[in-house]
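What follows is a single structure, written as structure tokens, with notes after it.
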Amino acid sequence: MVTGVLPLALEDATKTIQAFLLTGKEYVCLMALHGDVEEKKVQAVLEEFVGDILQRPPVRAAVRRDVRKRRIYYIRDVEMGGRDVLFRVGCQAGTYIRKLVYDMGEVLGVGAHMRELRRTRAGSFTDGESFSLYDLMELSEAKTEEREVLARRMVKPMESAFEYVPRIYIRDSTVSSICHGAELAVPGIVRLSESIVPKMSIALFTLKDELVALSKALMSSDQMMKEDHGLAAKTVRVIMPAETYPRMWKTKTVTVQA
Amino acid sequence: MSQRAPWEEQRKLLVKLEEETDPALGCPPTKRPLDQHLRFGLINLDKPSGPSSHEVVAWVKRMLRMKHAGHGGTLETFARLEQSDGYRRASSSS
């Protein structure tokens with residue numbers, strides 16, 4: 001049985017979902033061993049899975065079944081009772097825990113399956129801050145004033161999901177051109193994350209912390225700092241409505257540059 | 001450094017330009033009027049066991065009378081199937 005953090009996006013925020021899919025996850029997993037194994041050995045074997053692992057997605061999967069590399073950031077809080085093993089695992093997006101547990105069972109030599117799984121984190125969303133379907137029902141039935149209070153408490157701005165996504169803050173005068181699908185050129189950059197490398201998925205923000213678009217980096221952070229012209233990022237998905245910031249670019253200039 | 005989980009890494013911002021934003025334009029995310037707050041909103045849902053991620057999205061969408069909704073990261077779409085003994089046996093022996 002699987003429970004836990006499931007980020008939901010409403011209306012226009014639905015466009016940001018691809019960014020969620022890329023963020024790391026954390027789970028608490030209950031593994032059932034198919035034979036008796038010493039606790040020390042279990043600890044040691046589980047630790048071996050930290051780092052890069054190779055995984056082939058299960059037969060019933062939503063993606064192509066090619067072997068792929070996934071990173072296990074950590075395995076912690078291992079507790080054992082008989083053949084049951086409880087542990088916490090932090091992993092890259094797209095890691096199949098059911099498969100991980102199966103592989104752990106193979107290495108342990110006795111076999112194992114996943115009995116229960118709870119997602120405790122998806123990017124910046126953690127299970128201490130989640131709401132149940134009953135909470136949402138309360139919100140849906142609330143009248144105006146109460147509705148506003150509940151909505152503010154239960155619904156978060158879409159920007160809150162981007163806490164761990166590398167980002168670039170852009171000038172007011174650049175926002176409109178990005179909203180119309182243009183690439184981000186270096187002169188539009190105000191601040192940026194230090195870890196950006198070309199091809200990385202990044203997010204563009206206004207100086208008011210509003211999400212403008214999801215982009216793909218064309219330069220590293222160092223290059224963006226050094227250069228005074230050139231294209232820094234390709235716009236992949238525009239999130240902000242185009243009319244939010246006024247159009248400050250001139251068609252002439254654009255034509256000359258192109 | 002990249003061995004660490006994103007939420008355990010330190011993030012620094014580099015400053016390229018000193019620039020101000022015009023308060024007359026746009027709106028900080030936390031100050032959006034209610035309709036916009038919902039339109040650009042996310043919910044951190046504690047998914048119960050049983051229904052699939054897709055079913056849960058459909059319920060919430062209907063409950064909150066939204067035109068669009070989606071979820072990030074499927075939590076076991078095939079949960080139903082896996083509850084059956086057959087699948088469990090098949091998946092632990094394959």
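We label chains A, B, ... in the order they appear in the structure tokens, count residues from 1 in each chain, and number ligands from 1 in the order shown.
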| Contacts of region 31-45 of chain B within 9 Å, only C-alpha atoms, excl. fewer than 6 positions in-chain, as a ChimeraX atom specification | /A:4-14,125-127,129-133,136,148,151-152,154-161 /B:66
Mind writing the picked residues with C-alpha atoms as a PDB file, in the first residue's frame?
ATOM      1  CA  GLY A   4       2.097  10.004   1.336  1.00  0.00           C
ATOM      2  CA  VAL A   5       3.024  13.252  -0.353  1.00  0.00           C
ATOM      3  CA  LEU A   6       1.325  13.710  -3.710  1.00  0.00           C
ATOM      4  CA  PRO A   7       1.756  17.236  -5.076  1.00  0.00           C
ATOM      5  CA  LEU A   8      -1.373  18.401  -6.877  1.00  0.00           C
ATOM      6  CA  ALA A   9      -1.433  21.321  -9.270  1.00  0.00           C
ATOM      7  CA  LEU A  10      -4.522  23.402 -10.008  1.00  0.00           C
ATOM      8  CA  GLU A  11      -5.518  25.153 -13.241  1.00  0.00           C
ATOM      9  CA  ASP A  12      -2.583  27.076 -14.747  1.00  0.00           C
ATOM     10  CA  ALA A  13      -0.146  25.603 -12.227  1.00  0.00           C
ATOM     11  CA  THR A  14      -0.703  22.270 -13.982  1.00  0.00           C
ATOM     12  CA  PHE A 125       6.835  19.209  -0.206  1.00  0.00           C
ATOM     13  CA  THR A 126       7.100  17.215   3.013  1.00  0.00           C
ATOM     14  CA  ASP A 127       4.619  14.981   4.776  1.00  0.00           C
ATOM     15  CA  GLU A 129       2.800  19.846   5.812  1.00  0.00           C
ATOM     16  CA  SER A 130       0.362  17.795   3.760  1.00  0.00           C
ATOM     17  CA  PHE A 131      -3.450  17.887   3.757  1.00  0.00           C
ATOM     18  CA  SER A 132      -5.882  14.997   3.541  1.00  0.00           C
ATOM     19  CA  LEU A 133      -8.836  14.566   1.201  1.00  0.00           C
ATOM     20  CA  LEU A 136      -9.947  19.460   0.971  1.00  0.00           C
ATOM     21  CA  GLU A 148     -10.459  32.206   1.698  1.00  0.00           C
ATOM     22  CA  ALA A 151      -7.632  28.157   0.602  1.00  0.00           C
ATOM     23  CA  ARG A 152      -4.704  30.287   1.737  1.00  0.00           C
ATOM     24  CA  MET A 154      -4.087  24.541   1.993  1.00  0.00           C
ATOM     25  CA  VAL A 155      -3.116  25.911  -1.389  1.00  0.00           C
ATOM     26  CA  LYS A 156       0.457  27.111  -1.901  1.00  0.00           C
ATOM     27  CA  PRO A 157       1.757  29.349  -4.670  1.00  0.00           C
ATOM     28  CA  MET A 158       3.254  27.205  -7.431  1.00  0.00           C
ATOM     29  CA  GLU A 159       6.568  28.932  -6.817  1.00  0.00           C
ATOM     30  CA  SER A 160       6.913  27.029  -3.532  1.00  0.00           C
ATOM     31  CA  ALA A 161       7.640  23.828  -5.479  1.00  0.00           C
TER      32      ALA A 161
ATOM     33  CA  MET B  66     -11.420  23.152 -11.199  1.00  0.00           C
TER      34      MET B  66
END
| request: Just the residues within 8 Å of region 230-240 of chain A, please, counting only C-alpha atoms, with nothing from its chain fewer than 4 positions along; format it as a PyMOL selection string. | output: chain A and resi 12-13+15-16+178-186+211-219+224+244
| Lys69 (chain A): which residues within 9 Å, counting only C-alpha atoms, same-chain residues fewer than 3 positions away excluded, as a list in words? | Asp52, Ile53, Leu54, Gln55, Arg56 and Thr95 of chain A
| Every residue of region 5-175 of chain A that DSSP places in strand (DSSP E or B), as a PyMOL selection string | chain A and resi 5-10+25-33+51-55+68-81+84-91+112-122+125-126+131+155-157+167-170
| query | Using only C-alpha atoms, which chain B residues lie at most 7 Å away from chain A, written as a ChimeraX atom specification? | reply | /B:3-7,12-19,21,25-30,34,37-49,63-64,66-73,75-76,79,92
Identify all residues of region 93-228 of chain A in alpha helix (DSSP H) (DSSP on the backbone) and supply them as a compact mmCIF listing (two decimals) with C-alpha atoms, in the first residue's frame.
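Output file states.txt is given in full below:
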# COMPACT_ATOMS: atom_id res chain seq x y z
CA ILE A 97 11.44 1.58 -4.74
CA ARG A 98 9.64 -1.70 -5.33
CA LYS A 99 12.48 -2.63 -7.66
CA LEU A 100 15.11 -1.35 -5.23
CA VAL A 101 13.70 -3.60 -2.52
CA TYR A 102 13.61 -6.57 -4.87
CA ASP A 103 17.27 -5.97 -5.77
CA MET A 104 18.19 -5.65 -2.07
CA GLY A 105 16.55 -9.02 -1.50
CA GLU A 106 18.63 -10.54 -4.30
CA VAL A 107 21.88 -9.20 -2.85
CA LEU A 108 20.89 -10.44 0.60
CA LEU A 133 -8.84 14.57 1.20
CA TYR A 134 -11.04 15.36 4.21
CA ASP A 135 -9.29 18.72 4.64
CA LEU A 136 -9.95 19.46 0.97
CA MET A 137 -13.57 18.47 1.35
CA GLU A 138 -13.84 21.02 4.14
CA LEU A 139 -12.37 23.62 1.81
CA SER A 140 -14.80 22.74 -0.97
CA GLU A 141 -17.80 23.11 1.34
CA THR A 144 -16.74 32.76 1.25
CA GLU A 145 -14.80 34.07 4.25
CA GLU A 146 -13.85 30.71 5.64
CA ARG A 147 -13.08 29.52 2.15
CA GLU A 148 -10.46 32.21 1.70
CA VAL A 149 -8.78 31.33 5.01
CA LEU A 150 -8.74 27.61 4.19
CA ALA A 151 -7.63 28.16 0.60
CA ARG A 152 -4.70 30.29 1.74
CA ARG A 153 -3.70 27.60 4.20
CA MET A 154 -4.09 24.54 1.99
CA ASP A 172 11.24 43.44 -15.47
CA SER A 173 11.97 44.53 -19.03
CA THR A 174 12.82 40.95 -20.06
CA VAL A 175 9.70 39.26 -18.65
CA SER A 176 7.37 40.01 -21.54
CA SER A 177 9.72 38.71 -24.22
CA ILE A 178 10.15 35.44 -22.29
CA CYS A 179 6.37 35.20 -21.96
CA SER A 221 26.60 29.88 -14.27
CA ASP A 222 30.23 30.95 -14.73
CA GLN A 223 29.65 31.80 -18.38
CA MET A 224 26.51 33.75 -17.54
CA MET A 225 28.50 35.78 -15.03
CA LYS A 226 31.37 36.44 -17.44
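The protein and nucleic acid residues lying at most 12 Å from region 77-80 of chain A are Tyr27, Val28, Cys29, Leu30, Met31, Ala32, Leu33, Asp36, Val37, Glu38, Glu39, Lys40, Lys41, Val42, Gln43, Ala44, Val45, Leu46, Glu47, Tyr74, Arg83, Asp84, Val85, Leu86, Phe87, Arg88, Val89 and Gly90 of chain A, with only C-alpha atoms considered and sequence neighbours fewer than 3 positions away removed.
Between CA of Phe162 (chain A) and CA of Ile202 (chain A) the separation is 9.3 Å.
The spacing separating CA of Ser52 (chain B) from CA of Pro57 (chain A) amounts to 19.0 Å.
Atom pair CA of Met248 (chain A) / CA of Glu20 (chain B) has a distance of 15.7 Å (rounded to one decimal).
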